[in-house]
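Q: Please see the structure below; I have some questions.
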2 protein chains.
Amino acid sequence: MLRLNLTNILSERIGEQGVDWPGALAAHTQSLEAARAALWQRKSDPAEFLGWIDVPEDTETLRQVLRYRQANAWVQDLVVLGIGGSALGAQAVSAALGKGPVRLHFVDNVEPEPILALLRTLDPHKTLVNVISKSGSTAETMAAFLVFRQWLELGLTDWKKHVVVTTDPAKGILRPYAQAEGLTAFEVPPSVGGRFSVTCPVGTLPLAFAEVDLEGLLAGARKSNEQARAALEHNLPAQTALIHHLFSRKGKNIVVFMPYSTRLRYLPDWFVQLHDESLGKMRDRTGQEVRTGTTAVRAIGTTDQHAQVQLFREGPHDKLINIVRLLNPSENLEIPAVKGLEALDYLFGKSFFELLDAEAKATAHALAKAKQPNYTLTLEKLDAYNLGWLLQHLMWQTAFLGELWNINAFDQPGVELGKEYTYALMGRKGYEPLAQELRAEGVE
Amino acid sequence: MLRLNLTNILSERIGEQGVDWPGALAAHTQSLEAARAALWQRKSDPAEFLGWIDVPEDTETLRQVLRYRQANAWVQDLVVLGIGGSALGAQAVSAALGKGPVRLHFVDNVEPEPILALLRTLDPHKTLVNVISKSGSTAETMAAFLVFRQWLELGLTDWKKHVVVTTDPAKGILRPYAQAEGLTAFEVPPSVGGRFSVTCPVGTLPLAFAEVDLEGLLAGARKSNEQARAALEHNLPAQTALIHHLFSRKGKNIVVFMPYSTRLRYLPDWFVQLHDESLGKMRDRTGQEVRTGTTAVRAIGTTDQHAQVQLFREGPHDKLINIVRLLNPSENLEIPAVKGLEALDYLFGKSFFELLDAEAKATAHALAKAKQPNYTLTLEKLDAYNLGWLLQHLMWQTAFLGELWNINAFDQPGVELGKEYTYALMGRKGYEPLAQELRAEGVE
């Protein structure tokens with residue numbers, strides 16, 4: 001159960017830094033209803049990249065994933081070669097809910113030392129490599145694949161059963177390679193972009209090896225679909241999108257995403273990509289220069305009360321803060337009394353969860369006292385169902401915001417130039433003129 | 001060797017988003033020289049919290065730390081109980097340079113499930129618990145200590161040799177407790193605040209168990225002291241502080257800290273605390289309301305090219321981006337050629353480090369093309385000396401900024417109210433009126 005507490009964004013609580021919520025909701029009903037209708041209508045067109053809406057309904061693919069996992073009980077180490085959207089979802093969910101015995105390793109960079117260190121700890125006989133790239137042309141992922149593939153081939157006679165590919169069903173260079181080599185391959189649906197891919201095999205295949213309850217995860221995501229289809233007063237993602245829209249229009253260009261949970265430590269990273277890459281756009285759908293995008297900031301409670309909260313309270317009024325709180329622990333732990341430390345007696349006999357929860361509520365209220373707008377999403381508990389719901393909720397929120405701002409939330413044109421410069425600096429054929437241009441500008 | 005490349009902040013490169021550097025340097029010479037003089041002069045007063053300047057000179061304390069580490073060769077797991085500045089420094093440096101065989105665990109939150117999960121993997125006979133709190137009153141750290149102390153006592157006859165305390169030499173509740181129980185205790189110098197404590201035993205004790213070259217770390221920090229004492233043209237931290245000052249005054253309220261290294265993955269978290277908690281202040285030294293503070297954002301290259309760079313390039317011009325780049329790898333790895341993947345031939349025979357480095361340069365240049373100001377700090381390589389230099393450099397940069405903004409960069413008054421609310425919600429004696437007030441406001 002996902003719920004919204006927006007007390008601390010209201011002008012009656014935080015004055016002119018806040019908003020008149022019923023008024024704002026009424027004023028934006030038309031645009032949000034239009035956004036909802038547009039999203040549900042466009043979803044049948046693969047070119048709109050709204051495939052993530054229907055993926056949680058695809059139980060047949062999930063069954064294939066689970067069958068593959070069962071058929072590979074020998075795996076002790078799963079190495080995921082993927083970057084950005086090909087890694088962050090599985091990383092966030094496995095940190096929150098993963099159970100052994102299979103160890104997951106995410107290779108999401110090309111720094112040589114950590115890759116060498118990882119290789120030296122692995123036994124190829126017990127290692128499965130999952131290479132994830134929709135196009136197969138992601139330089140970092142493919143560089144890693146070239147090395148891991150060779151490492152497997154040198155160490156094994158049957159290296160092919162130690163590789164599983166997740167890629168486009170038809171396009172790109174990994175699909176034909178997998179077919180030619182006879183490698184097992186799963187599909188990234190053409191209509192699903194990387195940052196919206198956690199419920200398709202990009203996320204579910206690694207998560208199956210982490211023993212995550214994938215039926216629960218997908219059921220939770222479907223629950224968010226239900227809400228996103230509902231009228232505005234029951235439409236949670238439309239409401240949180242509106243909150244973000246209102247505070248962006250009030251000049252707050254920073255959004256803090258702050259779960260009170262170490263298990264959710266990678267969730268902000270997943271959210272940062274989803275939010276920043278979707279909404280940071282130079283041009284709107286009409287081609288006009290708009291330079292949209294609020295910047296998402298990662299924080300973890302209570303940890304960041306001792307790092308970032310000083311600024312969040314006393315610094316400029318340039319932020320909207322989204323706290324995520326769990327209502328129930330799965331296991332609790334009592335704080336024992338200790339002789340000689342009676343100054344801490346307010347902790348004796350209390351539980352860790354009580355302390356965690358008190359700090360979350362205390363911080364939200366202290367932020368409000370400093371007129372720093374914040375809202376809280378609560379999850380009934382941290383399980384696959386609730387987390388799946390939250391993930392899909394945040395995807396819907398992002399999609400609604402894209403509609404409100406009339407931008408394409410599903411592309412990333414701004415990363416192309418950096419890729420071309422990289423090709424030029426790496427001496428790729430055809431990029432000689434660009435390499436020359438770079439040299440002339442002192443970049444080599 | 002730490003060097004600064006500021007090409008991509010210059011107006012000749014990025015137009016009106018940039019600055020005229022020689023002009024700005026000339027215009028600020030007086031204020032920066034005054035800041036330098038003030039910091040070096042105030043350092044003898046412990047109340048100014050500038051003890052971090054001299055700590056790297058304290059080789060006697062370092063010898064004690066190293067002797068303690070040698071005397072405890074039995075340790076297999078070191079559990080650090082600390083939060084914020086009591087954890088982030090050791091976490092950042094150990095991730096970058098730590099070598100086994102001792103495993104380090106940082107307990108920096110009060111979520112019950114991860115603490116229980118950790119306890120279940122540990123053998124008390126082989127575990128050392130380092131509790132770090134200057135005051136001994138940090139609720140999270142002390143709650144964890146109460147549990148770990150009990151766990152050790154229940155499992156061992158000689159639990160006291162499994163605890164080492166790092167705290168104030170005189171004040172607070174941990175010092176008398178350590179004395180009464182006969183526990184080994186190291187000192188946090190009274191003039192050193194948490195976020196400036198990485199070179200004192202707060203950082204060095206855990207790092208000794210991670211086999212980090214601590215002499216190198218401190219020598220690097222001393223090198224930065226040399227620069228911070230030098231005249232402006234050789235004073236690297238004064239120069240980077242000026243860069244931050246100039247872009248803050250140009251309305252850029254976000255600073256991105258982006259090392260191109262997975263080994264440096266926790267360095268941005270350390271920097272975020274240092275920067276945000278030091279510079280996010282409501283009042284200046286005269287008591288006037290100023291609400292200073294730019295918000296530091298964590299990013300890792302190349303990884304975040306696939307997450308945040310879309311926004312950094314195409315989003316609003318509200319950021320200053322600080323890239324950190326290594327000039328040499330400690331070990332490199334060649335990318336092999338693979339038949340069937342000739343589309344990737346530009347990678348064949350190249351090295352991972354070449355690719356990493358090309359992407360860093362490509363991204364910096366692509367950001368500049370989008371008029372997004374960015375500067376690069378280069379480290380000759382990733383070792384203790386260079387990292388110690390960088391850490392101390394960033395501390396100096398922060399101190400210079402505090403001077404330029406006439407704020408106290410060494411306190412954190414904004415976190416007090418949240419602590420009091422927590423006490424009230426936890427039913428601490430004396431906080432009944434506040435608890436009642438909170439109930440009246442719907443917080444319970």
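We label chains A, B, ... in the order they appear in the structure tokens, count residues from 1 in each chain, and number ligands from 1 in the order shown.
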Using only C-alpha atoms, which chain A residues lie at most 6 Å away from chain B, written as number ranges by chain?
A: A: 84, 109-110, 112-113, 273, 276-277, 280-282, 291-293, 302-303, 306-308, 310-311, 314-316, 331-333, 346, 352, 356, 358-359, 362-363, 366, 414-415, 418, 421-422, 425, 428
Q: For range 68-77 of chain A, find every residue with an atom within 7 Å (counting only C-alpha atoms), except residues of its own chain fewer than 3 positions away, and show them as a list in words.
A: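 Listed by chain and then number, they are Gln64, Val65, Pro101, Val102, Arg103, Leu104, Lys126, Thr127, Leu128, Ala208 and Phe209 of chain A.
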Q: Store the residues of this selection in a file with N, CA, C and O atoms, as a PDB file, in the first residue's frame.
A:
```pdb
ATOM      1  N   GLN A  64       9.335 -17.609 -18.405  1.00  0.00           N
ATOM      2  CA  GLN A  64      10.583 -18.004 -19.094  1.00  0.00           C
ATOM      3  C   GLN A  64      11.803 -17.665 -18.241  1.00  0.00           C
ATOM      4  O   GLN A  64      12.744 -18.464 -18.139  1.00  0.00           O
ATOM      5  N   VAL A  65      11.763 -16.482 -17.658  1.00  0.00           N
ATOM      6  CA  VAL A  65      12.872 -16.045 -16.807  1.00  0.00           C
ATOM      7  C   VAL A  65      13.037 -17.009 -15.629  1.00  0.00           C
ATOM      8  O   VAL A  65      14.151 -17.449 -15.318  1.00  0.00           O
ATOM      9  N   PRO A 101      21.678 -17.612  -2.183  1.00  0.00           N
ATOM     10  CA  PRO A 101      23.138 -17.681  -2.084  1.00  0.00           C
ATOM     11  C   PRO A 101      23.883 -17.095  -3.281  1.00  0.00           C
ATOM     12  O   PRO A 101      25.088 -16.908  -3.185  1.00  0.00           O
ATOM     13  N   VAL A 102      23.201 -16.802  -4.394  1.00  0.00           N
ATOM     14  CA  VAL A 102      23.935 -16.291  -5.555  1.00  0.00           C
ATOM     15  C   VAL A 102      24.387 -14.852  -5.281  1.00  0.00           C
ATOM     16  O   VAL A 102      23.606 -14.023  -4.823  1.00  0.00           O
ATOM     17  N   ARG A 103      25.658 -14.594  -5.550  1.00  0.00           N
ATOM     18  CA  ARG A 103      26.179 -13.222  -5.398  1.00  0.00           C
ATOM     19  C   ARG A 103      26.012 -12.471  -6.715  1.00  0.00           C
ATOM     20  O   ARG A 103      26.376 -12.984  -7.772  1.00  0.00           O
ATOM     21  N   LEU A 104      25.483 -11.258  -6.643  1.00  0.00           N
ATOM     22  CA  LEU A 104      25.340 -10.427  -7.849  1.00  0.00           C
ATOM     23  C   LEU A 104      26.457  -9.389  -7.899  1.00  0.00           C
ATOM     24  O   LEU A 104      26.794  -8.776  -6.886  1.00  0.00           O
ATOM     25  N   LYS A 126      31.539 -21.426 -11.978  1.00  0.00           N
ATOM     26  CA  LYS A 126      30.355 -21.122 -11.164  1.00  0.00           C
ATOM     27  C   LYS A 126      29.766 -19.756 -11.498  1.00  0.00           C
ATOM     28  O   LYS A 126      28.943 -19.229 -10.760  1.00  0.00           O
ATOM     29  N   THR A 127      30.249 -19.165 -12.599  1.00  0.00           N
ATOM     30  CA  THR A 127      29.872 -17.783 -12.925  1.00  0.00           C
ATOM     31  C   THR A 127      29.005 -17.720 -14.169  1.00  0.00           C
ATOM     32  O   THR A 127      29.326 -18.323 -15.198  1.00  0.00           O
ATOM     33  N   LEU A 128      27.921 -16.956 -14.056  1.00  0.00           N
ATOM     34  CA  LEU A 128      27.078 -16.656 -15.206  1.00  0.00           C
ATOM     35  C   LEU A 128      27.219 -15.166 -15.519  1.00  0.00           C
ATOM     36  O   LEU A 128      27.144 -14.331 -14.618  1.00  0.00           O
ATOM     37  N   ALA A 208      15.775 -12.684 -10.548  1.00  0.00           N
ATOM     38  CA  ALA A 208      15.403 -14.082 -10.322  1.00  0.00           C
ATOM     39  C   ALA A 208      16.543 -14.804  -9.600  1.00  0.00           C
ATOM     40  O   ALA A 208      16.304 -15.626  -8.711  1.00  0.00           O
ATOM     41  N   PHE A 209      17.781 -14.482  -9.980  1.00  0.00           N
ATOM     42  CA  PHE A 209      18.933 -15.103  -9.313  1.00  0.00           C
ATOM     43  C   PHE A 209      19.131 -14.557  -7.897  1.00  0.00           C
ATOM     44  O   PHE A 209      19.783 -15.184  -7.082  1.00  0.00           O
TER      45      PHE A 209
END
```
Q: List every residue of range 205-303 of chain B that DSSP, applied to the backbone of this structure, places in helix (DSSP H, G or I), and write the result as a tab-separated table (two decimals) with N, CA and C atoms, in the first residue's frame.
A:
```
chain	number	residue	atom	x	y	z
B	205	LEU	N	42.18	5.03	12.05
B	205	LEU	CA	42.09	3.73	12.73
B	205	LEU	C	41.42	2.66	11.84
B	206	PRO	N	40.22	2.93	11.31
B	206	PRO	CA	39.67	1.95	10.36
B	206	PRO	C	40.57	1.74	9.15
B	207	LEU	N	41.18	2.80	8.66
B	207	LEU	CA	41.99	2.68	7.45
B	207	LEU	C	43.27	1.89	7.70
B	208	ALA	N	43.75	1.89	8.95
B	208	ALA	CA	44.91	1.05	9.27
B	208	ALA	C	44.54	-0.42	9.08
B	209	PHE	N	43.32	-0.78	9.46
B	209	PHE	CA	42.88	-2.17	9.28
B	209	PHE	C	42.60	-2.50	7.81
B	214	LEU	N	48.97	5.04	5.33
B	214	LEU	CA	48.55	6.24	6.05
B	214	LEU	C	49.63	7.32	6.05
B	215	GLU	N	50.89	6.92	6.04
B	215	GLU	CA	51.94	7.94	5.90
B	215	GLU	C	51.75	8.69	4.60
B	216	GLY	N	51.45	7.97	3.53
B	216	GLY	CA	51.22	8.60	2.23
B	216	GLY	C	50.02	9.54	2.29
B	217	LEU	N	48.95	9.08	2.91
B	217	LEU	CA	47.74	9.90	3.00
B	217	LEU	C	48.03	11.23	3.69
B	218	LEU	N	48.73	11.14	4.82
B	218	LEU	CA	49.03	12.36	5.58
B	218	LEU	C	50.04	13.26	4.85
B	219	ALA	N	51.00	12.63	4.16
B	219	ALA	CA	51.96	13.43	3.39
B	219	ALA	C	51.24	14.21	2.29
B	220	GLY	N	50.27	13.56	1.66
B	220	GLY	CA	49.48	14.25	0.63
B	220	GLY	C	48.72	15.42	1.22
B	221	ALA	N	48.12	15.21	2.40
B	221	ALA	CA	47.37	16.29	3.05
B	221	ALA	C	48.30	17.46	3.37
B	222	ARG	N	49.52	17.14	3.80
B	222	ARG	CA	50.48	18.22	4.11
B	222	ARG	C	50.84	19.00	2.85
B	223	LYS	N	50.88	18.31	1.72
B	223	LYS	CA	51.17	18.98	0.45
B	223	LYS	C	50.09	20.03	0.16
B	224	SER	N	48.85	19.68	0.45
B	224	SER	CA	47.77	20.66	0.24
B	224	SER	C	47.92	21.83	1.21
B	225	ASN	N	48.34	21.55	2.45
B	225	ASN	CA	48.60	22.65	3.39
B	225	ASN	C	49.62	23.62	2.83
B	226	GLU	N	50.66	23.07	2.20
B	226	GLU	CA	51.69	23.92	1.58
B	226	GLU	C	51.06	24.87	0.56
B	227	GLN	N	50.20	24.28	-0.28
B	227	GLN	CA	49.55	25.10	-1.31
B	227	GLN	C	48.64	26.15	-0.70
B	228	ALA	N	47.95	25.75	0.38
B	228	ALA	CA	46.97	26.66	0.99
B	228	ALA	C	47.66	27.81	1.71
B	229	ARG	N	48.94	27.65	1.97
B	229	ARG	CA	49.72	28.70	2.61
B	229	ARG	C	50.34	29.63	1.56
B	232	LEU	N	48.37	33.50	-3.94
B	232	LEU	CA	47.19	33.11	-4.71
B	232	LEU	C	47.51	32.34	-5.99
B	233	GLU	N	48.55	32.74	-6.73
B	233	GLU	CA	48.80	32.08	-8.03
B	233	GLU	C	49.23	30.62	-7.87
B	234	HIS	N	49.69	30.24	-6.68
B	234	HIS	CA	50.05	28.83	-6.44
B	234	HIS	C	49.09	28.16	-5.46
B	236	LEU	N	46.04	26.41	-4.89
B	236	LEU	CA	45.00	25.67	-5.61
B	236	LEU	C	43.64	25.73	-4.91
B	237	PRO	N	43.55	25.50	-3.59
B	237	PRO	CA	42.22	25.55	-2.98
B	237	PRO	C	41.60	26.94	-2.99
B	238	ALA	N	42.41	27.99	-2.87
B	238	ALA	CA	41.85	29.34	-2.98
B	238	ALA	C	41.28	29.55	-4.38
B	239	GLN	N	41.96	28.99	-5.37
B	239	GLN	CA	41.49	29.14	-6.74
B	239	GLN	C	40.19	28.38	-6.99
B	240	THR	N	40.12	27.13	-6.53
B	240	THR	CA	38.86	26.39	-6.78
B	240	THR	C	37.73	26.99	-5.95
B	241	ALA	N	38.05	27.51	-4.74
B	241	ALA	CA	37.02	28.19	-3.96
B	241	ALA	C	36.48	29.38	-4.74
B	242	LEU	N	37.39	30.10	-5.38
B	242	LEU	CA	36.95	31.26	-6.16
B	242	LEU	C	36.04	30.83	-7.31
B	243	ILE	N	36.40	29.72	-7.96
B	243	ILE	CA	35.52	29.22	-9.04
B	243	ILE	C	34.11	28.99	-8.49
B	244	HIS	N	34.03	28.31	-7.35
B	244	HIS	CA	32.71	28.04	-6.77
B	244	HIS	C	31.99	29.33	-6.41
B	245	HIS	N	32.75	30.26	-5.86
B	245	HIS	CA	32.16	31.55	-5.49
B	245	HIS	C	31.60	32.26	-6.72
B	246	LEU	N	32.38	32.30	-7.78
B	246	LEU	CA	31.95	33.04	-8.97
B	246	LEU	C	30.67	32.45	-9.56
B	247	PHE	N	30.61	31.12	-9.64
B	247	PHE	CA	29.44	30.51	-10.28
B	247	PHE	C	28.23	30.53	-9.36
B	248	SER	N	28.47	30.51	-8.05
B	248	SER	CA	27.36	30.70	-7.13
B	248	SER	C	26.77	32.10	-7.34
B	249	ARG	N	27.63	33.09	-7.48
B	249	ARG	CA	27.15	34.46	-7.70
B	249	ARG	C	26.48	34.62	-9.06
B	267	LEU	N	33.65	8.86	-2.59
B	267	LEU	CA	34.23	10.19	-2.41
B	267	LEU	C	33.18	11.30	-2.57
B	268	PRO	N	32.27	11.19	-3.56
B	268	PRO	CA	31.24	12.23	-3.64
B	268	PRO	C	30.39	12.31	-2.37
B	269	ASP	N	30.10	11.20	-1.73
B	269	ASP	CA	29.30	11.25	-0.50
B	269	ASP	C	30.04	12.02	0.59
B	270	TRP	N	31.34	11.76	0.70
B	270	TRP	CA	32.16	12.50	1.65
B	270	TRP	C	32.14	13.99	1.30
B	271	PHE	N	32.32	14.29	0.00
B	271	PHE	CA	32.33	15.69	-0.43
B	271	PHE	C	30.98	16.37	-0.18
B	272	VAL	N	29.90	15.64	-0.47
B	272	VAL	CA	28.56	16.20	-0.27
B	272	VAL	C	28.40	16.66	1.17
B	273	GLN	N	28.80	15.82	2.13
B	273	GLN	CA	28.67	16.25	3.53
B	273	GLN	C	29.54	17.47	3.82
B	274	LEU	N	30.81	17.36	3.41
B	274	LEU	CA	31.76	18.46	3.67
B	274	LEU	C	31.21	19.78	3.13
B	275	HIS	N	30.77	19.74	1.91
B	275	HIS	CA	30.32	20.96	1.22
B	275	HIS	C	28.98	21.45	1.77
B	276	ASP	N	28.01	20.55	1.82
B	276	ASP	CA	26.64	20.97	2.18
B	276	ASP	C	26.55	21.40	3.64
B	277	GLU	N	27.12	20.60	4.53
B	277	GLU	CA	26.96	20.89	5.95
B	277	GLU	C	27.78	22.12	6.35
B	278	SER	N	28.89	22.34	5.67
B	278	SER	CA	29.74	23.49	5.99
B	278	SER	C	29.15	24.79	5.46
B	279	LEU	N	28.57	24.73	4.28
B	279	LEU	CA	28.24	25.97	3.57
B	279	LEU	C	26.76	26.30	3.55
B	303	THR	N	29.78	5.96	-15.51
B	303	THR	CA	28.45	5.43	-15.20
B	303	THR	C	27.34	6.46	-15.40
```
Q: Quick check, in Å to one decimal: how far apart do CA of Asp168 in chain B and CA of Ser133 in chain B lie?
A: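 Between these atoms lies a distance of 7.9 Å.
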Q: Please indicate the distance in Å from CA of Lys161 in chain A to CA of Glu187 in chain A, rounded to one decimal place.
A: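 Computing the Euclidean distance for CA of Lys161 in chain A and CA of Glu187 in chain A yields 17.4 Å.
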Q: Could you pull out the strand (DSSP E) residues of range 107-286 of chain A, going by DSSP on the backbone, and write them as a ChimeraX atom specification?
A: /A:107,127-132,163-167,184-187,254-259
Q: Restricting it to N, CA and C atoms, dump the selection as a PDB file, in the first residue's frame.
A:
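Written out: part.pdb:
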```pdb
ATOM      1  N   VAL A 107      28.869  -4.753 -13.197  1.00  0.00           N
ATOM      2  CA  VAL A 107      30.002  -4.083 -13.845  1.00  0.00           C
ATOM      3  C   VAL A 107      29.422  -2.936 -14.664  1.00  0.00           C
ATOM      4  N   THR A 127      30.249 -19.165 -12.599  1.00  0.00           N
ATOM      5  CA  THR A 127      29.872 -17.783 -12.925  1.00  0.00           C
ATOM      6  C   THR A 127      29.005 -17.720 -14.169  1.00  0.00           C
ATOM      7  N   LEU A 128      27.921 -16.956 -14.056  1.00  0.00           N
ATOM      8  CA  LEU A 128      27.078 -16.656 -15.206  1.00  0.00           C
ATOM      9  C   LEU A 128      27.219 -15.166 -15.519  1.00  0.00           C
ATOM     10  N   VAL A 129      27.425 -14.841 -16.798  1.00  0.00           N
ATOM     11  CA  VAL A 129      27.564 -13.452 -17.227  1.00  0.00           C
ATOM     12  C   VAL A 129      26.321 -13.045 -17.998  1.00  0.00           C
ATOM     13  N   ASN A 130      25.645 -12.028 -17.496  1.00  0.00           N
ATOM     14  CA  ASN A 130      24.446 -11.504 -18.167  1.00  0.00           C
ATOM     15  C   ASN A 130      24.799 -10.158 -18.804  1.00  0.00           C
ATOM     16  N   VAL A 131      24.945 -10.170 -20.119  1.00  0.00           N
ATOM     17  CA  VAL A 131      25.268  -8.914 -20.808  1.00  0.00           C
ATOM     18  C   VAL A 131      23.962  -8.250 -21.250  1.00  0.00           C
ATOM     19  N   ILE A 132      23.788  -7.002 -20.865  1.00  0.00           N
ATOM     20  CA  ILE A 132      22.522  -6.298 -21.102  1.00  0.00           C
ATOM     21  C   ILE A 132      22.780  -5.002 -21.869  1.00  0.00           C
ATOM     22  N   VAL A 163      26.882 -17.598 -20.522  1.00  0.00           N
ATOM     23  CA  VAL A 163      26.512 -16.260 -20.983  1.00  0.00           C
ATOM     24  C   VAL A 163      25.021 -16.224 -21.261  1.00  0.00           C
ATOM     25  N   VAL A 164      24.381 -15.187 -20.804  1.00  0.00           N
ATOM     26  CA  VAL A 164      22.994 -14.958 -21.186  1.00  0.00           C
ATOM     27  C   VAL A 164      22.865 -13.484 -21.598  1.00  0.00           C
ATOM     28  N   VAL A 165      22.203 -13.296 -22.730  1.00  0.00           N
ATOM     29  CA  VAL A 165      22.152 -11.986 -23.365  1.00  0.00           C
ATOM     30  C   VAL A 165      20.762 -11.389 -23.163  1.00  0.00           C
ATOM     31  N   THR A 166      20.694 -10.100 -22.854  1.00  0.00           N
ATOM     32  CA  THR A 166      19.407  -9.399 -22.823  1.00  0.00           C
ATOM     33  C   THR A 166      19.519  -8.226 -23.777  1.00  0.00           C
ATOM     34  N   THR A 167      18.724  -8.283 -24.865  1.00  0.00           N
ATOM     35  CA  THR A 167      18.879  -7.285 -25.929  1.00  0.00           C
ATOM     36  C   THR A 167      17.604  -7.169 -26.748  1.00  0.00           C
ATOM     37  N   THR A 184      21.830 -18.201 -25.101  1.00  0.00           N
ATOM     38  CA  THR A 184      20.498 -17.888 -24.603  1.00  0.00           C
ATOM     39  C   THR A 184      20.319 -16.380 -24.608  1.00  0.00           C
ATOM     40  N   ALA A 185      19.153 -15.925 -25.064  1.00  0.00           N
ATOM     41  CA  ALA A 185      18.933 -14.478 -25.126  1.00  0.00           C
ATOM     42  C   ALA A 185      17.506 -14.129 -24.733  1.00  0.00           C
ATOM     43  N   PHE A 186      17.388 -13.121 -23.904  1.00  0.00           N
ATOM     44  CA  PHE A 186      16.080 -12.576 -23.538  1.00  0.00           C
ATOM     45  C   PHE A 186      15.876 -11.240 -24.243  1.00  0.00           C
ATOM     46  N   GLU A 187      14.615 -10.798 -24.219  1.00  0.00           N
ATOM     47  CA  GLU A 187      14.264  -9.615 -24.996  1.00  0.00           C
ATOM     48  C   GLU A 187      14.051  -8.372 -24.140  1.00  0.00           C
ATOM     49  N   ILE A 254      15.602  21.849  -7.462  1.00  0.00           N
ATOM     50  CA  ILE A 254      16.226  20.651  -6.898  1.00  0.00           C
ATOM     51  C   ILE A 254      15.141  19.791  -6.249  1.00  0.00           C
ATOM     52  N   VAL A 255      15.166  18.490  -6.521  1.00  0.00           N
ATOM     53  CA  VAL A 255      14.257  17.577  -5.831  1.00  0.00           C
ATOM     54  C   VAL A 255      15.105  16.516  -5.124  1.00  0.00           C
ATOM     55  N   VAL A 256      14.896  16.419  -3.828  1.00  0.00           N
ATOM     56  CA  VAL A 256      15.641  15.443  -3.036  1.00  0.00           C
ATOM     57  C   VAL A 256      14.789  14.178  -2.899  1.00  0.00           C
ATOM     58  N   PHE A 257      15.394  13.035  -3.144  1.00  0.00           N
ATOM     59  CA  PHE A 257      14.686  11.758  -2.979  1.00  0.00           C
ATOM     60  C   PHE A 257      15.358  11.020  -1.826  1.00  0.00           C
ATOM     61  N   MET A 258      14.641  10.850  -0.726  1.00  0.00           N
ATOM     62  CA  MET A 258      15.258  10.441   0.536  1.00  0.00           C
ATOM     63  C   MET A 258      14.501   9.317   1.242  1.00  0.00           C
ATOM     64  N   PRO A 259      14.752   8.071   0.861  1.00  0.00           N
ATOM     65  CA  PRO A 259      14.154   6.960   1.620  1.00  0.00           C
ATOM     66  C   PRO A 259      14.840   6.790   2.978  1.00  0.00           C
TER      67      PRO A 259
END
```
Q: Of the candidates B:Gln288, B:Gln17, B:Asn5, B:Asn386, which one gets nearest to Asn322 in chain B if we count only C-alpha atoms?
A: B:Asn5
Q: Env of range 45-60 of chain B: 6 Å cut, atoms = only C-alpha atoms, seq-sep filter 3 positions within chain, self excluded. Answer as number ranges by chain.
A: B: 42, 63, 191-192, 196, 218
Q: Excluding Val93 in chain A and its own-chain neighbours fewer than 4 positions away, which residues fall within 9 Å of it when counting only C-alpha atoms? Please give them as a ChimeraX atom specification.
A: /A:88-89,97-98,198,203,207,212,263-264,266-267,384,387-388
